[in-house]
$ cat model-v7.txt   # compact mmCIF, C-alpha atoms and all ligand atoms
# COMPACT_ATOMS: atom_id res chain seq x y z
CA MET A 1 -86.10 29.15 -36.27
CA PRO A 2 -82.32 29.45 -36.07
CA SER A 3 -80.81 30.15 -32.70
CA PHE A 4 -78.67 33.25 -33.08
CA GLY A 5 -75.40 33.82 -31.36
CA ARG A 6 -73.36 36.97 -31.49
CA ALA A 7 -73.83 39.84 -33.88
CA TRP A 8 -71.26 42.45 -34.76
CA ILE A 9 -70.60 45.38 -37.04
CA VAL A 10 -67.47 45.58 -39.14
CA GLU A 11 -66.01 48.30 -41.31
CA LYS A 12 -64.20 47.33 -44.47
CA ASN A 13 -62.74 49.83 -46.90
CA GLY A 14 -65.10 52.54 -45.72
CA ARG A 15 -68.26 50.41 -45.89
CA TRP A 16 -70.11 49.00 -42.92
CA TYR A 17 -71.35 45.43 -42.62
CA ALA A 18 -73.51 43.70 -40.02
CA CYS A 19 -72.59 40.08 -39.31
CA PHE A 20 -74.72 37.54 -37.49
CA GLU A 21 -73.75 34.24 -36.02
CA CYS A 22 -76.17 31.34 -36.12
CA GLU A 23 -76.35 27.58 -35.89
CA ARG A 24 -76.94 25.78 -39.14
CA GLY A 25 -78.22 22.24 -39.25
CA THR A 26 -76.87 19.66 -41.64
CA GLN A 27 -78.46 19.10 -45.01
CA PRO A 28 -77.28 15.71 -46.22
CA LEU A 29 -76.89 15.40 -49.98
CA PRO A 30 -77.88 12.19 -51.75
CA ALA A 31 -75.11 9.58 -51.94
CA THR A 32 -73.28 9.36 -55.25
CA GLY A 33 -70.97 6.40 -54.59
CA GLU A 34 -68.10 8.53 -55.90
CA VAL A 35 -64.69 9.49 -54.53
CA VAL A 36 -63.04 12.59 -55.96
CA GLY A 37 -59.43 13.69 -55.59
CA ILE A 38 -58.40 17.35 -55.55
CA ASP A 39 -54.84 18.32 -56.37
CA ARG A 40 -53.27 21.65 -55.55
CA GLY A 41 -52.19 22.37 -59.08
CA VAL A 42 -48.86 23.65 -60.30
CA HIS A 43 -50.29 25.24 -63.43
CA VAL A 44 -53.84 25.86 -62.24
CA LEU A 45 -55.28 26.57 -58.82
CA ALA A 46 -56.55 23.04 -58.46
CA ALA A 47 -57.49 20.03 -60.56
CA THR A 48 -60.02 17.31 -59.87
CA SER A 49 -59.70 13.62 -60.68
CA GLU A 50 -62.78 14.17 -62.88
CA GLY A 51 -60.60 16.28 -65.13
CA GLU A 52 -61.88 19.67 -64.07
CA LEU A 53 -59.24 22.40 -64.06
CA ILE A 54 -59.94 25.20 -61.64
CA ALA A 55 -58.29 28.39 -62.76
CA ASN A 56 -57.25 31.18 -60.50
CA GLY A 57 -59.48 34.11 -61.41
CA ARG A 58 -57.63 36.61 -63.54
CA LEU A 59 -58.10 40.34 -63.57
CA ALA A 60 -59.80 41.70 -66.65
CA ASP A 61 -57.52 44.15 -68.48
CA LYS A 62 -59.72 47.13 -67.79
CA HIS A 63 -59.87 46.27 -64.12
CA ARG A 64 -56.13 45.70 -64.01
CA ARG A 65 -55.53 49.22 -65.37
CA ILE A 66 -57.79 50.71 -62.71
CA VAL A 67 -56.04 48.83 -59.90
CA THR A 68 -52.62 49.74 -61.32
CA GLY A 69 -53.66 53.40 -61.46
CA HIS A 70 -54.69 53.41 -57.81
CA ALA A 71 -51.51 51.57 -56.84
CA ARG A 72 -49.46 54.25 -58.61
CA ALA A 73 -51.42 57.03 -56.88
CA LEU A 74 -50.76 55.38 -53.53
CA ASP A 75 -47.08 55.15 -54.33
CA GLN A 76 -46.99 58.86 -55.17
CA ALA A 77 -48.80 59.73 -51.92
CA THR A 78 -46.30 57.73 -49.89
CA VAL A 79 -43.17 59.15 -48.28
CA LYS A 80 -40.62 56.43 -47.60
CA ASP A 81 -37.59 56.12 -45.37
CA ALA A 82 -34.27 54.64 -46.46
CA GLN A 83 -35.61 51.09 -46.01
CA GLY A 84 -38.62 51.86 -48.20
CA ARG A 85 -41.06 51.85 -45.30
CA PRO A 86 -43.82 54.47 -45.42
CA THR A 87 -43.30 57.27 -42.90
CA ASN A 88 -46.58 59.12 -43.51
CA GLY A 89 -48.97 56.28 -42.68
CA LYS A 90 -51.38 58.61 -40.87
CA ASP A 91 -51.43 61.28 -43.56
CA PRO A 92 -55.13 61.65 -44.56
CA GLN A 93 -54.26 61.80 -48.25
CA ARG A 94 -52.33 58.58 -48.02
CA VAL A 95 -55.07 56.91 -45.94
CA ALA A 96 -57.57 57.87 -48.64
CA ALA A 97 -55.28 56.47 -51.35
CA VAL A 98 -54.96 53.19 -49.42
CA GLN A 99 -58.73 52.98 -49.22
CA ARG A 100 -59.25 53.71 -52.91
CA LEU A 101 -56.82 50.94 -53.84
CA ALA A 102 -58.49 48.49 -51.45
CA ARG A 103 -61.91 49.33 -52.88
CA ALA A 104 -60.68 48.93 -56.42
CA LYS A 105 -59.47 45.43 -55.54
CA GLU A 106 -62.69 44.45 -53.79
CA PRO A 107 -64.86 43.41 -56.76
CA GLU A 108 -62.17 41.09 -57.99
CA ALA A 109 -61.72 39.50 -54.57
CA ASN A 110 -65.49 39.08 -54.29
CA ALA A 111 -65.72 37.51 -57.74
CA ARG A 112 -62.89 35.14 -56.92
CA LEU A 113 -64.46 34.08 -53.63
CA ASP A 114 -67.82 33.62 -55.36
CA SER A 115 -66.33 31.34 -58.00
CA LEU A 116 -64.50 29.33 -55.32
CA HIS A 117 -67.83 28.87 -53.49
CA LYS A 118 -69.33 27.49 -56.69
CA VAL A 119 -66.41 25.15 -57.34
CA ALA A 120 -66.53 23.91 -53.73
CA HIS A 121 -70.25 23.28 -54.06
CA ARG A 122 -69.79 21.31 -57.29
CA VAL A 123 -67.02 19.23 -55.73
CA VAL A 124 -69.00 18.43 -52.61
CA ALA A 125 -72.13 17.59 -54.60
CA SER A 126 -70.16 15.30 -56.93
CA ALA A 127 -68.79 12.77 -54.44
CA ASP A 128 -69.40 11.17 -51.05
CA VAL A 129 -65.69 11.27 -50.23
CA ILE A 130 -63.36 14.11 -51.11
CA GLY A 131 -59.61 13.48 -51.02
CA LEU A 132 -57.79 16.77 -50.51
CA GLU A 133 -54.10 17.33 -50.81
CA GLU A 134 -52.56 18.14 -47.45
CA LEU A 135 -50.90 21.52 -47.36
CA ASN A 136 -47.21 22.29 -46.87
CA LEU A 137 -45.93 18.91 -47.87
CA ARG A 138 -45.32 19.15 -51.54
CA GLY A 139 -43.89 22.61 -52.06
CA MET A 140 -40.29 21.53 -51.74
CA THR A 141 -40.54 18.34 -53.76
CA ARG A 142 -42.20 20.22 -56.54
CA SER A 143 -39.84 23.14 -56.76
CA ALA A 144 -36.82 20.87 -56.67
CA LYS A 145 -38.31 18.80 -59.46
CA GLY A 146 -39.22 21.88 -61.41
CA THR A 147 -35.72 23.26 -61.40
CA VAL A 148 -34.29 20.02 -62.71
CA ALA A 149 -37.00 19.14 -65.21
CA GLU A 150 -37.41 22.58 -66.68
CA PRO A 151 -35.22 25.33 -65.36
CA GLY A 152 -37.06 28.09 -67.18
CA ARG A 153 -40.80 28.34 -67.11
CA ASP A 154 -41.83 26.00 -64.35
CA VAL A 155 -39.68 27.82 -61.85
CA ALA A 156 -41.20 31.13 -62.87
CA ALA A 157 -44.70 29.68 -62.65
CA LYS A 158 -44.09 28.53 -59.11
CA SER A 159 -42.17 31.51 -57.90
CA GLY A 160 -43.20 34.56 -56.02
CA LEU A 161 -46.53 36.23 -56.26
CA ASN A 162 -48.10 33.81 -58.70
CA ARG A 163 -47.42 30.80 -56.47
CA ALA A 164 -48.47 32.74 -53.39
CA LEU A 165 -51.79 33.62 -55.02
CA LEU A 166 -52.40 30.03 -56.09
CA ASP A 167 -51.62 28.76 -52.60
CA ALA A 168 -53.88 31.35 -50.97
CA GLY A 169 -56.66 30.41 -53.38
CA PHE A 170 -56.21 26.71 -52.68
CA GLY A 171 -56.31 27.39 -48.94
CA ILE A 172 -59.66 29.14 -49.33
CA LEU A 173 -60.96 26.36 -51.58
CA ARG A 174 -59.97 23.77 -48.97
CA ARG A 175 -61.79 25.69 -46.25
CA LEU A 176 -64.95 26.09 -48.35
CA ILE A 177 -64.96 22.42 -49.32
CA GLY A 178 -64.55 21.52 -45.63
CA GLU A 179 -67.46 23.72 -44.59
CA LYS A 180 -69.79 22.54 -47.34
CA ALA A 181 -68.82 18.90 -46.79
CA GLU A 182 -69.65 19.18 -43.10
CA ARG A 183 -73.06 20.62 -43.88
CA ALA A 184 -73.73 17.99 -46.55
CA VAL A 185 -72.42 15.19 -44.27
CA ARG A 186 -69.69 14.31 -46.76
CA ARG A 187 -66.32 12.89 -45.82
CA VAL A 188 -63.09 14.84 -46.40
CA VAL A 189 -59.86 12.84 -46.33
CA ASP A 190 -56.55 14.67 -46.10
CA VAL A 191 -54.00 12.95 -48.24
CA GLY A 192 -50.22 13.22 -48.27
CA ALA A 193 -49.12 14.29 -51.72
CA ARG A 194 -45.54 13.03 -51.88
CA TYR A 195 -44.66 11.86 -55.37
CA SER A 196 -48.29 12.13 -56.42
CA SER A 197 -47.24 14.32 -59.32
CA GLN A 198 -44.76 11.66 -60.46
CA THR A 199 -47.09 8.69 -60.11
CA CYS A 200 -48.90 7.38 -63.17
CA GLY A 201 -52.68 7.48 -62.76
CA HIS A 202 -52.95 4.34 -64.87
CA CYS A 203 -50.11 1.94 -64.00
CA LEU A 204 -48.81 3.61 -60.76
CA HIS A 205 -45.25 3.76 -62.10
CA VAL A 206 -43.34 6.51 -60.28
CA ALA A 207 -40.85 8.53 -62.32
CA ALA A 208 -39.83 12.17 -62.32
CA GLU A 209 -39.28 11.90 -66.08
CA SER A 210 -42.99 11.36 -66.63
CA ARG A 211 -43.61 15.00 -65.78
CA ARG A 212 -43.37 17.17 -68.86
CA ARG A 213 -44.50 20.66 -68.07
CA ARG A 214 -48.30 20.67 -68.18
CA ARG A 215 -48.51 17.13 -69.49
CA PHE A 216 -47.94 13.91 -67.69
CA VAL A 217 -46.69 11.20 -70.05
CA CYS A 218 -45.91 7.94 -68.26
CA VAL A 219 -42.47 6.64 -69.25
CA ALA A 220 -43.64 3.09 -68.45
CA CYS A 221 -47.08 2.78 -70.07
CA GLY A 222 -47.52 5.93 -72.16
CA PHE A 223 -50.61 7.12 -70.25
CA ALA A 224 -50.90 10.85 -71.02
CA LEU A 225 -52.94 13.48 -69.22
CA HIS A 226 -52.82 17.02 -67.87
CA ALA A 227 -50.17 16.83 -65.14
CA ASP A 228 -52.40 18.26 -62.41
CA VAL A 229 -55.33 15.99 -63.29
CA ASN A 230 -53.01 12.99 -63.17
CA ALA A 231 -51.88 14.06 -59.68
CA ALA A 232 -55.55 14.40 -58.68
CA LEU A 233 -56.10 10.77 -59.75
CA GLU A 234 -53.33 9.74 -57.37
CA ILE A 235 -54.85 11.86 -54.59
CA ARG A 236 -58.15 10.05 -55.15
CA ARG A 237 -56.46 6.65 -55.08
CA ARG A 238 -54.78 7.51 -51.78
CA ALA A 239 -58.06 8.71 -50.31
CA GLN A 240 -59.65 5.40 -51.31
CA LEU A 241 -56.73 3.52 -49.73
CA ALA A 242 -57.10 5.49 -46.51
CA LEU A 243 -60.79 4.58 -46.34
CA THR A 244 -60.15 0.91 -47.06
CA SER A 245 -57.53 0.76 -44.34
CA GLU A 246 -60.08 2.15 -41.89
CA LEU A 247 -62.50 -0.61 -42.78
CA TYR A 248 -59.96 -3.44 -43.02
CA PRO A 249 -56.89 -2.50 -40.93
CA ALA A 250 -55.16 -5.89 -41.21
CA GLU A 251 -55.48 -6.10 -44.98
CA ASP A 252 -54.03 -2.63 -45.24
CA ALA A 253 -50.82 -3.66 -43.52
CA GLY A 254 -50.21 -6.10 -46.37
CA ARG A 255 -51.10 -3.50 -48.94
CA ARG A 256 -48.67 -1.00 -47.47
CA ALA A 257 -45.91 -3.57 -47.55
CA ARG A 258 -46.59 -4.23 -51.22
CA CYS A 259 -46.60 -0.53 -51.97
CA ALA A 260 -43.27 -0.06 -50.27
CA ALA A 261 -41.71 -2.94 -52.18
ZN ZN B 301 -48.15 4.41 -66.48
$ encode --input "model-v7.txt" --output "structure tokens" --more "lines below"
Ligand SMILES: [Zn+2]
Amino acid sequence: MPSFGRAWIVEKNGRWYACFECERGTQPLPATGEVVGIDRGVHVLAATSEGELIANGRLADKHRRIVTGHARALDQATVKDAQGRPTNGKDPQRVAAVQRLARAKEPEANARLDSLHKVAHRVVASADVIGLEELNLRGMTRSAKGTVAEPGRDVAAKSGLNRALLDAGFGILRRLIGEKAERAVRRVVDVGARYSSQTCGHCLHVAAESRRRRRFVCVACGFALHADVNAALEIRRRAQLALTSELYPAEDAGRRARCAA
């Protein structure tokens, strides 16, 4: 019998939902002996060290046309001032148009969240320890690298809405993995991602030149892999290092010195 906390009613896009709060016990999953690394991808939403590429859900064409149609209708129902801000926000026709657009977007958002739940579940079930890329650390390194390595496409891929969507998706994926890991009594290790996209998953050689668009091809040993999967391998290695240093702090000091050298 779960002990219930608060309950509340919310309205979203003209529909009403009842929400209940309750305590959930843990449900430990069987140990796998595995560590998995998850990279916030440049070309995909995320990649795992197992080689799984997690795509950001894309709108089906038919759905895209419907959403575009509602967006256009909203635009036509909107009166704007000189700065482009709507001045008729309370106008019932405009309010209705806002709601129609929001409703049109809902199925897609639901489908995306559902698929992220499934991915998070797979990840948590697959390993005892999950190394996750820390947020907000790599953005700058990556964009700087992108502009030098390939001025055209990589910059576009990272820019604006596309990048914002990928980052939002990765944020949700992180949260879901965290929640499911807690319930399954799995360990999540946050890992700094500096230079992880330039580090060879095989020989650990670090070189910006090894990044070639979607491929990683090590300039030292020739190891070749999807760039985001290679970065996920490095995330996993760092998660393993972090765990080892917890167990054997003194040994780790030596290891860090070697790494720095
Ligand atoms: Zn290498």
$ residues_near_ligand --input "model-v7.txt" --ligand "ligand ZN 301 (chain B)" --cutoff "8 Å" --atoms "all atoms listed in the file" --output "NGL selection string"
:A and (199-205 or 217-223)
$ axis_aligned_box --input "model-v7.txt" --around "range 6-21 of chain A" --padding-each-side "6 Å" --output "AutoDock Vina command-line options"
--center_x -68.7 --center_y 43.4 --center_z -39.2 --size_x 24.0 --size_y 30.3 --size_z 27.4
$ closest_residue --input "model-v7.txt" --among "A:Glu182, A:Ala242, A:Leu165, A:Pro30" --to "His43 in chain A" --atoms "all atoms listed in the file"
A:Leu165
$ residues_around --input "model-v7.txt" --residues "Ala46 in chain A" --least-positions-apart "6" --cutoff "12 Å" --atoms "all atoms listed in the file" --output "PyMOL selection string"
chain A and resi 37-40+52-57+116+119-120+123+132-133+166-174+226-232+235
$ atom_distance --input "model-v7.txt" --atom1 "CA of Ala181 in chain A" --atom2 "CA of Val35 in chain A"
12.9 Å
$ closest_residue --input "model-v7.txt" --among "A:Leu74, A:Val206, A:Arg211, A:Pro28" --to "Gln99 in chain A" --atoms "all atoms listed in the file"
A:Leu74
$ residues_near_point --input "model-v7.txt" --point "(-58.6, 1.9, -53.1)" --cutoff "12 Å" --atoms "only C-alpha atoms" --output "list in words"
Glu34, Val35, Val36, Gly131, Leu233, Glu234, Ile235, Arg236, Arg237, Arg238, Ala239, Gln240, Leu241, Ala242, Leu243, Thr244, Ser245, Glu246, Leu247, Tyr248, Glu251, Asp252, Arg255 and Arg256 of chain A
$ write_last_selection --input "model-v7.txt" --atoms "C-alpha atoms" --output "PDB file, in the coordinates of the input"
ATOM      1  CA  GLU A  34     -68.100   8.530 -55.900  1.00  0.00           C
ATOM      2  CA  VAL A  35     -64.690   9.490 -54.530  1.00  0.00           C
ATOM      3  CA  VAL A  36     -63.040  12.590 -55.960  1.00  0.00           C
ATOM      4  CA  GLY A 131     -59.610  13.480 -51.020  1.00  0.00           C
ATOM      5  CA  LEU A 233     -56.100  10.770 -59.750  1.00  0.00           C
ATOM      6  CA  GLU A 234     -53.330   9.740 -57.370  1.00  0.00           C
ATOM      7  CA  ILE A 235     -54.850  11.860 -54.590  1.00  0.00           C
ATOM      8  CA  ARG A 236     -58.150  10.050 -55.150  1.00  0.00           C
ATOM      9  CA  ARG A 237     -56.460   6.650 -55.080  1.00  0.00           C
ATOM     10  CA  ARG A 238     -54.780   7.510 -51.780  1.00  0.00           C
ATOM     11  CA  ALA A 239     -58.060   8.710 -50.310  1.00  0.00           C
ATOM     12  CA  GLN A 240     -59.650   5.400 -51.310  1.00  0.00           C
ATOM     13  CA  LEU A 241     -56.730   3.520 -49.730  1.00  0.00           C
ATOM     14  CA  ALA A 242     -57.100   5.490 -46.510  1.00  0.00           C
ATOM     15  CA  LEU A 243     -60.790   4.580 -46.340  1.00  0.00           C
ATOM     16  CA  THR A 244     -60.150   0.910 -47.060  1.00  0.00           C
ATOM     17  CA  SER A 245     -57.530   0.760 -44.340  1.00  0.00           C
ATOM     18  CA  GLU A 246     -60.080   2.150 -41.890  1.00  0.00           C
ATOM     19  CA  LEU A 247     -62.500  -0.610 -42.780  1.00  0.00           C
ATOM     20  CA  TYR A 248     -59.960  -3.440 -43.020  1.00  0.00           C
ATOM     21  CA  GLU A 251     -55.480  -6.100 -44.980  1.00  0.00           C
ATOM     22  CA  ASP A 252     -54.030  -2.630 -45.240  1.00  0.00           C
ATOM     23  CA  ARG A 255     -51.100  -3.500 -48.940  1.00  0.00           C
ATOM     24  CA  ARG A 256     -48.670  -1.000 -47.470  1.00  0.00           C
TER      25      ARG A 256
END
$ atom_distance --input "model-v7.txt" --atom1 "CA of His117 in chain A" --atom2 "CA of Leu176 in chain A"
6.5 Å
$ closest_residue --input "model-v7.txt" --among "A:Ala193, A:Val67, A:Ala7, A:Cys22" --to "Leu135 in chain A" --atoms "all atoms listed in the file"
A:Ala193
$ residues_near_point --input "model-v7.txt" --point "(-53.0, 54.2, -52.7)" --cutoff "10 Å" --atoms "only C-alpha atoms" --output "number ranges by chain"
A: 67-78, 93-102
$ atom_distance --input "model-v7.txt" --atom1 "CA of Gly192 in chain A" --atom2 "CA of Gly41 in chain A"
14.3 Å
$ closest_residue --input "model-v7.txt" --among "A:Leu113, A:Ala104, A:Ala207, A:Val124" --to "Ile177 in chain A" --atoms "only C-alpha atoms"
A:Val124
$ closest_residue --input "model-v7.txt" --among "A:Ala47, A:Lys105, A:Lys180, A:Arg213" --to "Arg24 in chain A" --atoms "all atoms listed in the file"
A:Lys180
$ closest_residue --input "model-v7.txt" --among "A:His121, A:Glu209, A:Gln27, A:Arg163" --to "Val44 in chain A" --atoms "all atoms listed in the file"
A:Arg163
$ residues_around --input "model-v7.txt" --residues "Phe20 in chain A" --least-positions-apart "3" --cutoff "9 Å" --atoms "only C-alpha atoms" --output "PyMOL selection string"
chain A and resi 4-9
